[in-house]
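Next comes input35.cif, a file with mmCIF, C-alpha atoms.
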```cif
data_coords
loop_
_atom_site.label_atom_id
_atom_site.label_comp_id
_atom_site.auth_asym_id
_atom_site.auth_seq_id
_atom_site.Cartn_x
_atom_site.Cartn_y
_atom_site.Cartn_z
CA MET A 1 0.00 0.00 0.00
CA ASP A 2 2.33 2.65 -1.28
CA ALA A 3 1.20 6.27 -0.83
CA MET A 4 2.51 6.97 -4.33
CA MET A 5 0.13 4.44 -5.84
CA GLU A 6 -1.10 5.58 -9.21
CA LYS A 7 -4.78 6.49 -9.58
CA LYS A 8 -5.32 3.65 -12.00
CA GLU A 9 -3.78 1.20 -9.58
CA ILE A 10 -6.02 2.48 -6.80
CA LEU A 11 -9.11 2.16 -8.96
CA GLU A 12 -8.17 -1.38 -10.01
CA SER A 13 -6.93 -2.58 -6.65
CA GLY A 14 -10.47 -3.26 -5.43
CA ILE A 15 -9.83 -1.32 -2.23
CA LEU A 16 -12.68 1.12 -2.98
CA GLU A 17 -15.07 -1.80 -3.34
CA ARG A 18 -13.91 -3.24 -0.05
CA TYR A 19 -14.09 0.18 1.65
CA LEU A 20 -17.67 0.55 0.46
CA LEU A 21 -18.57 -2.79 2.03
CA GLY A 22 -16.75 -1.99 5.25
CA ASP A 23 -14.29 -4.81 4.46
CA VAL A 24 -11.10 -2.84 5.28
CA SER A 25 -8.71 -2.48 8.18
CA GLU A 26 -8.54 0.78 10.09
CA MET A 27 -5.26 1.60 8.31
CA GLU A 28 -6.83 0.97 4.92
CA GLN A 29 -9.85 3.05 5.85
CA LEU A 30 -7.67 6.10 6.54
CA GLN A 31 -5.78 5.44 3.33
CA VAL A 32 -8.96 5.30 1.23
CA GLU A 33 -10.28 8.45 2.86
CA ARG A 34 -7.08 10.15 1.73
CA TYR A 35 -7.51 8.77 -1.81
CA LEU A 36 -11.05 10.15 -1.86
CA GLN A 37 -9.66 13.70 -1.72
CA ASP A 38 -8.95 13.19 -5.43
CA THR A 39 -11.91 14.21 -7.57
CA GLU A 40 -11.59 11.41 -10.11
CA ILE A 41 -11.38 8.74 -7.44
CA ARG A 42 -14.22 10.33 -5.47
CA ASN A 43 -16.45 10.38 -8.55
CA HIS A 44 -15.64 6.75 -9.24
CA TYR A 45 -16.49 5.86 -5.66
CA ARG A 46 -19.77 7.81 -5.76
CA GLN A 47 -20.75 5.88 -8.88
CA LEU A 48 -19.96 2.61 -7.10
CA GLU A 49 -22.21 3.70 -4.25
CA ILE A 50 -25.07 4.67 -6.58
CA ASP A 51 -24.93 1.35 -8.42
CA PHE A 52 -24.57 -0.55 -5.16
CA GLU A 53 -27.70 1.11 -3.81
CA LYS A 54 -29.63 0.41 -7.01
CA LEU A 55 -28.61 -3.22 -6.85
CA ALA A 56 -29.84 -3.40 -3.25
CA MET A 57 -33.10 -1.66 -4.09
CA GLU A 58 -33.72 -4.16 -6.86
CA ASN A 59 -33.26 -6.94 -4.37
CA ALA A 60 -35.20 -5.37 -1.53
CA ILE A 61 -37.41 -7.58 0.58
CA ALA A 62 -40.19 -5.90 2.53
CA PRO A 63 -39.81 -6.68 6.23
CA PRO A 64 -42.97 -7.35 8.26
CA THR A 65 -44.58 -4.17 9.66
CA LYS A 66 -44.12 -5.36 13.23
CA VAL A 67 -40.39 -4.55 12.97
CA LYS A 68 -41.08 -0.89 12.24
CA ASN A 69 -43.74 -0.69 14.93
CA SER A 70 -41.33 -2.13 17.44
CA ILE A 71 -38.56 0.32 16.43
CA MET A 72 -40.86 3.34 16.57
CA ALA A 73 -42.25 2.24 19.94
CA GLN A 74 -38.77 1.85 21.34
CA ILE A 75 -37.81 5.30 20.11
CA SER A 76 -40.92 7.13 21.28
CA ALA A 77 -40.30 5.65 24.73
CA GLU A 78 -37.01 7.59 24.74
CA THR A 79 -38.36 10.76 23.09
CA GLU A 80 -40.54 13.38 24.74
CA PRO A 81 -43.96 14.07 23.22
CA PRO A 82 -43.54 17.86 22.49
CA LYS A 83 -40.97 16.93 19.88
CA ASN A 84 -43.66 15.37 17.72
CA GLU A 85 -45.34 18.66 16.93
CA ARG A 86 -42.08 20.09 15.73
CA LEU A 87 -41.51 17.01 13.60
CA ASN A 88 -44.75 17.40 11.73
CA ARG A 89 -43.95 20.94 10.93
CA SER A 90 -40.48 20.10 9.69
CA GLY A 91 -42.04 17.41 7.50
CA LEU A 92 -44.34 20.02 6.04
CA LYS A 93 -41.36 22.34 5.76
CA SER A 94 -39.49 19.87 3.59
CA TYR A 95 -42.48 19.68 1.23
CA LEU A 96 -42.65 23.45 1.19
CA ALA A 97 -38.93 23.58 0.47
CA ILE A 98 -39.36 21.20 -2.47
CA ALA A 99 -42.32 23.20 -3.75
CA ALA A 100 -40.37 26.43 -3.37
CA ALA A 101 -37.39 24.94 -5.17
CA LEU A 102 -39.61 23.80 -8.05
CA ALA A 103 -41.32 27.18 -8.18
CA LEU A 104 -37.95 28.88 -8.25
CA LEU A 105 -36.78 26.56 -11.01
CA PHE A 106 -39.86 27.32 -13.10
CA GLY A 107 -39.52 31.02 -12.32
CA VAL A 108 -35.90 31.13 -13.37
CA SER A 109 -36.49 29.11 -16.50
CA SER A 110 -39.48 31.19 -17.60
CA PHE A 111 -37.57 34.39 -16.89
CA TRP A 112 -34.74 33.04 -19.01
CA LEU A 113 -37.17 32.18 -21.81
CA TYR A 114 -38.76 35.62 -21.50
CA MET A 115 -35.36 37.32 -21.82
CA LYS A 116 -34.53 35.09 -24.75
CA LEU A 117 -37.83 35.99 -26.41
CA ASN A 118 -37.20 39.69 -25.85
CA SER A 119 -33.76 39.61 -27.36
CA THR A 120 -35.09 37.58 -30.30
CA GLU A 121 -37.80 40.16 -30.89
CA THR A 122 -35.26 42.99 -30.77
CA GLN A 123 -33.09 41.17 -33.26
CA LEU A 124 -36.10 40.54 -35.49
CA GLU A 125 -36.99 44.26 -35.39
CA LEU A 126 -33.44 45.16 -36.31
CA VAL A 127 -33.44 42.73 -39.22
CA ARG A 128 -36.79 44.13 -40.35
CA SER A 129 -35.58 47.74 -40.43
CA GLN A 130 -32.34 46.71 -42.14
CA ASN A 131 -34.44 44.87 -44.67
CA GLU A 132 -36.48 48.02 -45.29
CA VAL A 133 -33.36 50.10 -45.89
CA ILE A 134 -32.02 47.50 -48.28
CA ASN A 135 -35.35 47.40 -50.10
CA GLU A 136 -35.31 51.18 -50.53
CA GLU A 137 -31.76 51.08 -51.81
CA LEU A 138 -32.69 48.34 -54.21
CA GLU A 139 -35.66 50.37 -55.48
CA ASP A 140 -33.39 53.37 -56.08
CA LEU A 141 -30.89 51.14 -57.83
CA VAL A 142 -33.60 49.71 -60.09
CA LYS A 143 -34.79 53.24 -60.89
CA ASN A 144 -31.26 54.34 -61.69
CA TYR A 145 -30.72 51.24 -63.71
CA ASP A 146 -33.91 51.85 -65.71
CA ALA A 147 -32.83 55.46 -66.35
CA VAL A 148 -29.35 54.36 -67.44
CA ILE A 149 -30.77 51.65 -69.70
CA ASN A 150 -33.19 54.22 -71.16
CA ASP A 151 -30.36 56.69 -71.83
CA TYR A 152 -28.23 53.95 -73.27
CA GLN A 153 -30.99 52.85 -75.63
CA ILE A 154 -31.46 56.44 -76.82
CA ILE A 155 -27.75 56.89 -77.46
CA SER A 156 -27.07 53.47 -78.93
CA ASP A 157 -30.00 53.54 -81.36
CA PRO A 158 -28.44 53.25 -84.88
CA ASN A 159 -30.78 56.03 -86.09
CA THR A 160 -29.57 58.47 -83.43
CA VAL A 161 -27.29 61.22 -84.68
CA LYS A 162 -24.90 62.76 -82.18
CA LEU A 163 -24.21 66.47 -82.61
CA ILE A 164 -21.61 68.27 -80.55
CA MET A 165 -22.40 71.90 -79.82
CA THR A 166 -19.42 74.04 -78.79
CA GLY A 167 -19.63 77.53 -77.35
CA ASN A 168 -18.68 80.58 -79.43
CA GLU A 169 -16.61 83.57 -78.23
CA LYS A 170 -19.46 84.64 -75.92
CA SER A 171 -19.19 81.39 -73.94
CA PRO A 172 -16.03 79.62 -74.99
CA ASN A 173 -16.17 77.03 -72.19
CA ALA A 174 -19.69 75.90 -73.07
CA SER A 175 -20.39 72.59 -74.76
CA ALA A 176 -23.43 70.41 -75.14
CA ILE A 177 -24.36 67.22 -76.98
CA SER A 178 -27.63 66.73 -78.78
CA TYR A 179 -28.96 63.36 -79.91
CA VAL A 180 -31.40 63.52 -82.80
CA ASN A 181 -33.48 60.61 -84.03
CA HIS A 182 -35.46 61.43 -87.14
CA ILE A 183 -37.24 58.05 -87.22
CA HIS A 184 -38.61 58.32 -83.67
CA LYS A 185 -38.70 62.14 -83.95
CA THR A 186 -36.84 62.74 -80.69
CA VAL A 187 -34.17 65.19 -79.54
CA TYR A 188 -32.20 64.72 -76.29
CA LEU A 189 -29.69 67.16 -74.91
CA ASN A 190 -26.78 66.59 -72.57
CA ALA A 191 -26.27 69.96 -70.87
CA THR A 192 -23.77 68.97 -68.14
CA GLU A 193 -21.00 71.07 -69.70
CA LEU A 194 -22.95 74.34 -69.96
CA PRO A 195 -21.58 76.98 -67.53
CA GLU A 196 -23.82 77.94 -64.65
CA LEU A 197 -26.07 80.96 -65.26
CA PRO A 198 -27.26 83.66 -62.88
CA LYS A 199 -30.68 82.91 -61.35
CA ASP A 200 -32.57 85.20 -63.65
CA ARG A 201 -31.25 83.54 -66.82
CA ASP A 202 -32.00 80.24 -68.63
CA TYR A 203 -30.52 78.44 -71.62
CA GLN A 204 -33.05 77.87 -74.43
CA LEU A 205 -32.80 75.64 -77.50
CA TRP A 206 -34.10 76.72 -80.91
CA ALA A 207 -34.53 75.05 -84.25
CA ASP A 208 -33.82 77.03 -87.44
CA VAL A 209 -36.48 76.12 -90.01
CA GLU A 210 -36.17 78.10 -93.23
CA GLY A 211 -34.78 81.15 -91.42
CA GLU A 212 -37.31 81.03 -88.57
CA MET A 213 -36.25 80.14 -84.99
CA ILE A 214 -38.74 77.73 -83.40
CA ASN A 215 -38.71 77.07 -79.65
CA MET A 216 -37.46 73.60 -78.67
CA GLY A 217 -37.70 74.30 -74.92
CA ILE A 218 -35.76 75.55 -71.94
CA ILE A 219 -32.67 73.53 -71.08
CA PRO A 220 -32.62 72.47 -67.43
CA GLU A 221 -29.12 73.13 -66.16
CA GLY A 222 -26.88 70.17 -65.52
CA THR A 223 -29.14 67.39 -66.81
CA ALA A 224 -27.39 64.47 -68.43
CA LEU A 225 -30.01 63.68 -71.04
CA PHE A 226 -33.14 65.81 -71.36
CA ALA A 227 -35.89 65.40 -73.96
CA MET A 228 -36.48 68.56 -76.09
CA ASN A 229 -39.21 69.24 -78.63
CA TYR A 230 -38.50 67.65 -82.00
CA ILE A 231 -39.03 70.06 -84.88
CA ASP A 232 -39.50 68.81 -88.45
CA HIS A 233 -37.15 70.11 -91.13
CA ALA A 234 -34.80 71.77 -88.62
CA GLU A 235 -31.60 72.94 -90.31
CA SER A 236 -29.67 73.85 -87.19
CA PHE A 237 -29.94 73.83 -83.41
CA ASN A 238 -29.12 76.99 -81.51
CA ILE A 239 -28.65 77.75 -77.82
CA THR A 240 -29.34 81.23 -76.48
CA ILE A 241 -29.31 82.75 -73.04
CA GLU A 242 -32.77 84.10 -72.20
CA PRO A 243 -34.43 85.68 -69.16
CA ALA A 244 -35.53 83.00 -66.67
CA GLY A 245 -38.58 81.15 -67.96
CA GLY A 246 -37.54 81.54 -71.60
CA SER A 247 -38.71 83.76 -74.46
CA ASP A 248 -41.05 83.37 -77.42
CA HIS A 249 -38.36 84.69 -79.75
CA PRO A 250 -34.66 84.19 -79.35
CA THR A 251 -32.38 87.01 -78.24
CA VAL A 252 -29.97 86.60 -81.13
CA GLU A 253 -27.21 88.65 -79.50
CA GLN A 254 -27.15 86.04 -76.76
CA LEU A 255 -26.56 83.03 -79.06
CA ILE A 256 -23.72 81.00 -77.58
CA SER A 257 -23.69 77.87 -79.73
CA ASN A 258 -25.12 76.42 -82.88
CA VAL A 259 -24.76 73.30 -84.97
CA TYR A 260 -26.02 72.33 -88.43
CA LEU A 261 -27.91 69.13 -88.84
CA ASN A 262 -26.41 68.12 -92.17
CA MET B 1 -30.15 13.20 -2.85
CA GLN B 2 -31.48 16.47 -1.53
CA SER B 3 -34.44 14.99 0.33
CA ASP B 4 -32.11 12.50 2.01
CA LEU B 5 -29.87 15.27 3.27
CA LEU B 6 -32.85 17.01 4.80
CA LEU B 7 -34.08 13.81 6.45
CA ILE B 8 -30.61 13.04 7.74
CA GLN B 9 -30.27 16.51 9.20
CA GLN B 10 -33.57 15.99 10.99
CA LEU B 11 -32.50 12.52 12.08
CA GLN B 12 -29.34 13.96 13.59
CA GLN B 13 -31.52 16.43 15.49
CA GLY B 14 -33.39 13.47 17.02
CA ASN B 15 -36.41 13.60 14.77
CA ALA B 16 -38.27 10.26 14.97
CA LYS B 17 -40.38 11.10 11.94
CA ALA B 18 -37.19 11.36 9.89
CA LEU B 19 -36.13 7.89 11.04
CA SER B 20 -39.56 6.62 10.03
CA SER B 21 -39.13 8.09 6.54
CA LEU B 22 -35.63 6.68 6.18
CA TYR B 23 -36.91 3.31 7.39
CA ASP B 24 -39.63 3.36 4.73
CA LYS B 25 -37.06 4.14 2.11
CA TYR B 26 -34.21 1.79 3.06
CA SER B 27 -35.56 -1.01 5.25
CA GLY B 28 -36.44 -3.17 2.24
CA ALA B 29 -32.97 -2.94 0.73
CA LEU B 30 -31.32 -3.54 4.10
CA TYR B 31 -33.64 -6.40 4.98
CA GLY B 32 -32.86 -7.98 1.61
CA VAL B 33 -29.18 -8.01 2.56
CA ILE B 34 -29.70 -9.02 6.19
CA LEU B 35 -31.97 -11.91 5.29
CA ARG B 36 -29.50 -13.16 2.69
CA ILE B 37 -26.73 -13.09 5.33
CA CYS B 38 -28.77 -14.61 8.15
CA LYS B 39 -30.96 -16.97 6.13
CA ASP B 40 -33.38 -16.91 9.04
CA GLU B 41 -36.36 -14.57 9.07
CA ALA B 42 -36.76 -14.25 12.84
CA LEU B 43 -33.07 -13.54 13.27
CA ALA B 44 -33.07 -11.14 10.29
CA GLN B 45 -35.93 -9.17 11.78
CA ASP B 46 -34.05 -8.78 15.05
CA VAL B 47 -30.98 -7.67 13.14
CA LEU B 48 -33.02 -5.14 11.14
CA GLN B 49 -34.45 -3.67 14.31
CA GLU B 50 -31.03 -3.52 15.93
CA THR B 51 -29.63 -1.90 12.78
CA PHE B 52 -32.18 0.92 12.87
CA MET B 53 -31.68 1.42 16.60
CA LYS B 54 -27.96 1.84 15.87
CA ILE B 55 -28.76 4.25 13.03
CA TRP B 56 -30.92 6.22 15.44
CA LYS B 57 -28.33 6.33 18.19
CA ASN B 58 -25.25 6.88 16.01
CA ALA B 59 -26.80 9.27 13.48
CA ASP B 60 -24.28 11.96 14.44
CA LYS B 61 -21.47 9.64 13.33
CA TYR B 62 -22.69 9.69 9.75
CA TYR B 63 -20.99 12.27 7.54
CA PRO B 64 -22.86 12.86 4.25
CA ASP B 65 -19.70 14.10 2.49
CA LYS B 66 -18.00 10.73 3.12
CA GLY B 67 -20.61 8.68 1.31
CA LYS B 68 -24.22 7.83 0.83
CA PHE B 69 -26.58 7.10 3.68
CA TYR B 70 -27.35 3.69 2.27
CA THR B 71 -23.68 2.71 2.23
CA TRP B 72 -23.32 3.74 5.86
CA SER B 73 -26.44 1.92 6.98
CA TYR B 74 -25.46 -1.12 4.91
CA ARG B 75 -22.18 -1.40 6.83
CA ILE B 76 -24.08 -1.26 10.12
CA ALA B 77 -26.54 -3.89 8.92
CA ARG B 78 -23.79 -6.18 7.61
CA ASN B 79 -21.72 -5.98 10.79
CA THR B 80 -24.74 -6.44 13.02
CA ALA B 81 -25.87 -9.45 11.01
CA LEU B 82 -22.41 -11.05 10.98
CA ASN B 83 -21.95 -10.50 14.70
CA GLU B 84 -25.38 -11.92 15.42
CA LEU B 85 -24.67 -14.88 13.22
CA ARG B 86 -21.35 -15.54 14.90
CA ALA B 87 -22.98 -15.45 18.32
CA THR B 88 -25.75 -17.81 17.22
CA SER B 89 -23.44 -20.19 15.41
CA LYS B 90 -21.40 -20.58 18.55
CA LEU B 91 -24.54 -21.74 20.30
CA ILE B 92 -25.43 -24.16 17.53
CA GLN B 93 -21.80 -25.22 17.28
CA THR B 94 -21.63 -25.14 13.52
CA GLU B 95 -20.28 -22.84 10.86
CA ASP B 96 -21.82 -24.53 7.89
CA LEU B 97 -24.13 -22.01 6.28
CA GLY B 98 -25.95 -24.81 4.49
CA VAL B 99 -27.46 -25.86 7.79
CA TYR B 100 -29.23 -22.49 8.05
CA LYS B 101 -30.59 -22.83 4.59
CA ASP B 102 -32.18 -26.11 5.57
CA THR B 103 -33.70 -24.76 8.75
CA THR B 104 -35.30 -21.80 6.97
CA ALA B 105 -36.69 -24.11 4.32
CA THR B 106 -38.76 -25.82 6.97
CA GLU B 107 -40.52 -22.60 7.91
CA GLU B 108 -44.03 -21.93 6.72
CA ASN B 109 -43.42 -19.28 4.05
CA PRO B 110 -39.72 -19.24 3.35
CA ILE B 111 -38.47 -16.34 1.24
CA ASP B 112 -36.16 -17.51 -1.49
CA THR B 113 -33.00 -15.53 -0.92
CA ARG B 114 -30.92 -17.65 -3.24
CA LYS B 115 -32.24 -15.85 -6.28
CA LEU B 116 -31.26 -12.25 -7.01
CA ASN B 117 -33.51 -9.88 -8.92
CA GLY B 118 -33.17 -6.99 -11.35
CA SER B 119 -30.23 -5.96 -13.47
CA ILE B 120 -27.79 -8.37 -11.82
CA GLN B 121 -29.55 -11.20 -13.64
CA GLN B 122 -28.19 -9.84 -16.91
CA LEU B 123 -24.65 -10.56 -15.77
CA GLU B 124 -22.69 -13.74 -16.38
CA GLU B 125 -23.03 -16.49 -13.80
CA HIS B 126 -19.62 -16.04 -12.13
CA HIS B 127 -20.06 -12.25 -12.00
CA GLN B 128 -23.45 -12.67 -10.33
CA LYS B 129 -21.97 -15.10 -7.87
CA ALA B 130 -19.07 -12.78 -6.98
CA LEU B 131 -21.34 -9.79 -6.36
CA ASP B 132 -23.79 -11.95 -4.44
CA LEU B 133 -21.10 -13.19 -2.07
CA VAL B 134 -19.74 -9.77 -1.09
CA TYR B 135 -22.78 -7.52 -1.50
CA PHE B 136 -25.53 -9.77 -0.26
CA LYS B 137 -23.91 -12.57 1.73
CA GLY B 138 -21.62 -10.27 3.70
CA LEU B 139 -18.47 -12.21 2.91
CA THR B 140 -15.12 -10.43 2.84
CA HIS B 141 -13.14 -10.59 -0.39
CA ARG B 142 -10.82 -13.12 1.26
CA GLU B 143 -13.68 -15.39 2.29
CA ALA B 144 -15.44 -14.97 -1.03
CA HIS B 145 -12.53 -15.98 -3.26
CA GLN B 146 -12.10 -19.16 -1.24
CA GLU B 147 -15.82 -19.82 -1.45
CA MET B 148 -15.64 -19.46 -5.24
CA GLY B 149 -12.42 -21.40 -5.48
CA VAL B 150 -10.53 -18.78 -7.50
CA PRO B 151 -7.41 -16.73 -6.62
CA LEU B 152 -8.02 -13.42 -4.81
CA GLY B 153 -6.75 -11.40 -7.80
CA THR B 154 -9.15 -13.18 -10.11
CA PHE B 155 -11.98 -12.61 -7.69
CA LYS B 156 -11.22 -8.88 -7.52
CA SER B 157 -11.29 -8.64 -11.29
CA TYR B 158 -14.61 -10.52 -11.31
CA ILE B 159 -16.04 -7.85 -9.01
CA GLN B 160 -14.70 -5.01 -11.13
CA GLN B 161 -15.91 -6.50 -14.41
CA ALA B 162 -19.30 -7.19 -12.88
CA LEU B 163 -19.60 -3.62 -11.61
CA ARG B 164 -18.54 -2.19 -14.96
CA LYS B 165 -21.19 -4.25 -16.78
CA LEU B 166 -23.76 -3.26 -14.20
CA ARG B 167 -22.81 0.38 -14.81
CA ASP B 168 -23.48 -0.10 -18.56
CA ILE B 169 -26.87 -1.68 -17.86
CA TYR B 170 -27.91 1.15 -15.55
CA GLN B 171 -26.72 3.74 -18.05
CA VAL B 172 -28.91 2.25 -20.77
CA GLU B 173 -31.82 2.18 -18.32
CA MET B 174 -31.22 5.82 -17.42
CA ILE B 175 -31.20 6.86 -21.09
CA LEU B 176 -34.46 5.00 -21.61
CA ILE B 177 -36.03 6.72 -18.59
CA ILE B 178 -34.91 10.15 -19.78
CA GLY B 179 -36.27 9.33 -23.22
CA PHE B 180 -39.63 8.42 -21.73
CA LEU B 181 -39.64 11.56 -19.61
CA ILE B 182 -38.94 13.79 -22.60
CA GLU B 183 -41.64 12.03 -24.61
CA TRP B 184 -44.07 12.38 -21.71
CA MET B 185 -43.28 16.10 -21.31
CA LEU B 186 -43.90 16.67 -25.02
#
```
Show the structure stored in the file as structure tokens.
Amino acid sequence: MDAMMEKKEILESGILERYLLGDVSEMEQLQVERYLQDTEIRNHYRQLEIDFEKLAMENAIAPPTKVKNSIMAQISAETEPPKNERLNRSGLKSYLAIAAALALLFGVSSFWLYMKLNSTETQLELVRSQNEVINEELEDLVKNYDAVINDYQIISDPNTVKLIMTGNEKSPNASAISYVNHIHKTVYLNATELPELPKDRDYQLWADVEGEMINMGIIPEGTALFAMNYIDHAESFNITIEPAGGSDHPTVEQLISNVYLN
Amino acid sequence: MQSDLLLIQQLQQGNAKALSSLYDKYSGALYGVILRICKDEALAQDVLQETFMKIWKNADKYYPDKGKFYTWSYRIARNTALNELRATSKLIQTEDLGVYKDTTATEENPIDTRKLNGSIQQLEEHHQKALDLVYFKGLTHREAHQEMGVPLGTFKSYIQQALRKLRDIYQVEMILIIGFLIEWML
């Protein structure tokens, strides 16, 4: 019985089994109680005890009731009567303790579930609002995409003619692009490169038809591709600077750009 | 077990009701062992009573952290039974256990203590025998290996193998019980 005995050796030596049965010397008993300080050995021993008890319960034999009666009579002869009252109450107390423990268990578990539910709901709300934002962004993207596709179709149409309008000496930095489609009878203007005007002025586009300037509409500043009025038999397009809101007849002195259609 | 701890605390405070509850819970298991050691019902009943009187008087010597209540009370029962048996056998002048078997068989309603019940029946014959000798017949390992006619080392390994198999059986049973419980709760 070496104190340095390995755990495995202790577990396999059978000393725990003998200790359990009370089949050990006093020396061995102290030794085992020292071994039991070790968690692994203690757990092993507890399992032995549990199985041992089960085995005994399975082989229980009910003793005749007279044995219990005789024991209880012998004890009550030694015990004073006032103790009994206290006993009953402590019996009730143990039931109350069990009930309280169960109630506490249910309370704790339902509180836990409630917290869990709350956090799940918060997360769900968060996901919902994120989803909304994403949906809005997607809608915008689809709109943009439609606009881009629309512009692209206008520009890429084989019947579209691209005309570059450059500024004259009055507005040398100005430039604009017009897209004319004589089959679909459309005119689009890219006005992003026209210099900014004072608030009381607007750019206006005109078509020259046999010497007469016909209004094609006011050019909104900065638009990438804006539909203008298509005029039949136009010979040239002309951009003038007009008072805000446009004019019925062009202010010829304010012509900044023109381009011939042929 | 929580309820046991409470009962034991009350027992240690001299609560007779607690002893009554512990008797209801453990007397069957203890009587099963005592009767198998004594092989005589009248004697076994005396031993059972003496065992519980010792439990009552020595309750403060039980330390729950050292082991289970059943283990403690089993040791008391086993020692009481063996002492009683020794005293009686001196009177009868015989140590042959077989003689007791025969005398009990002549009683009106003899309880068959030769057969063990429950999970132990699933074990191999020699494993059953080994456990029976030390757990239920109160033999020491030294006595038991001679009784079985095998070396002490072999006997020890019988006990360990038997306990390991028993552990497996109980584990399967526990899983089944938990399964039933879960099904029942659903």
Interface residues on chain A facing chain B, 10 Å, all atoms listed in the file, written as number ranges by chain: A: 11-15, 17-24, 33, 36, 42, 45-64, 66-72, 74-76, 79, 83-84, 86-88, 90-91, 94-95, 97-98
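Once the PyMOL selection byres ((chain A and resi 211) around 12) is applied to this file, the selection holds Trp206, Ala207, Asp208, Val209, Glu210, Glu212, Met213, Ile214, His233, Ala234, Glu235, Ser236 and Phe237 of chain A.
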Rounded to one decimal place, report the atom CA of Ala101 of chain A-atom CA of Tyr63 of chain B distance in Å. 24.3 Å
One decimal, in Å: what's the spacing between atom CA of Lys7 of chain A and atom CA of Thr154 of chain B? 20.2 Å
Exactly which residues make up the result of the PyMOL selection byres ((chain A and resi 141-154) around 10) on this file, given as a list in words? Asn135, Glu136, Glu137, Leu138, Glu139, Asp140, Ile155, Ser156, Asp157, Pro158, Asn159, Thr160, Tyr179, Val180, Asn181, Thr186, Val187, Tyr188, Ala224, Leu225 and Phe226 of chain A
Apply the PyMOL selection byres ((chain A and resi 223) around 10) to the displayed file and report the matching residues as a list in words. Leu189, Asn190, Ala191, Thr192, Glu193, Leu194, Ile219, Pro220, Glu221, Gly222, Ala224, Leu225 and Phe226 of chain A
If you keep C-alpha atoms, can you produce a file of those selected residues as a CSV table (one decimal), in the frame of the given file?
```csv
chain,number,residue,atom,x,y,z
A,189,LEU,CA,-29.7,67.2,-74.9
A,190,ASN,CA,-26.8,66.6,-72.6
A,191,ALA,CA,-26.3,70.0,-70.9
A,192,THR,CA,-23.8,69.0,-68.1
A,193,GLU,CA,-21.0,71.1,-69.7
A,194,LEU,CA,-23.0,74.3,-70.0
A,219,ILE,CA,-32.7,73.5,-71.1
A,220,PRO,CA,-32.6,72.5,-67.4
A,221,GLU,CA,-29.1,73.1,-66.2
A,222,GLY,CA,-26.9,70.2,-65.5
A,224,ALA,CA,-27.4,64.5,-68.4
A,225,LEU,CA,-30.0,63.7,-71.0
A,226,PHE,CA,-33.1,65.8,-71.4
```
To one decimal place in Å, what is the distance between atom CA of Ser247 of chain A and atom CA of His182 of chain A? 25.9 Å
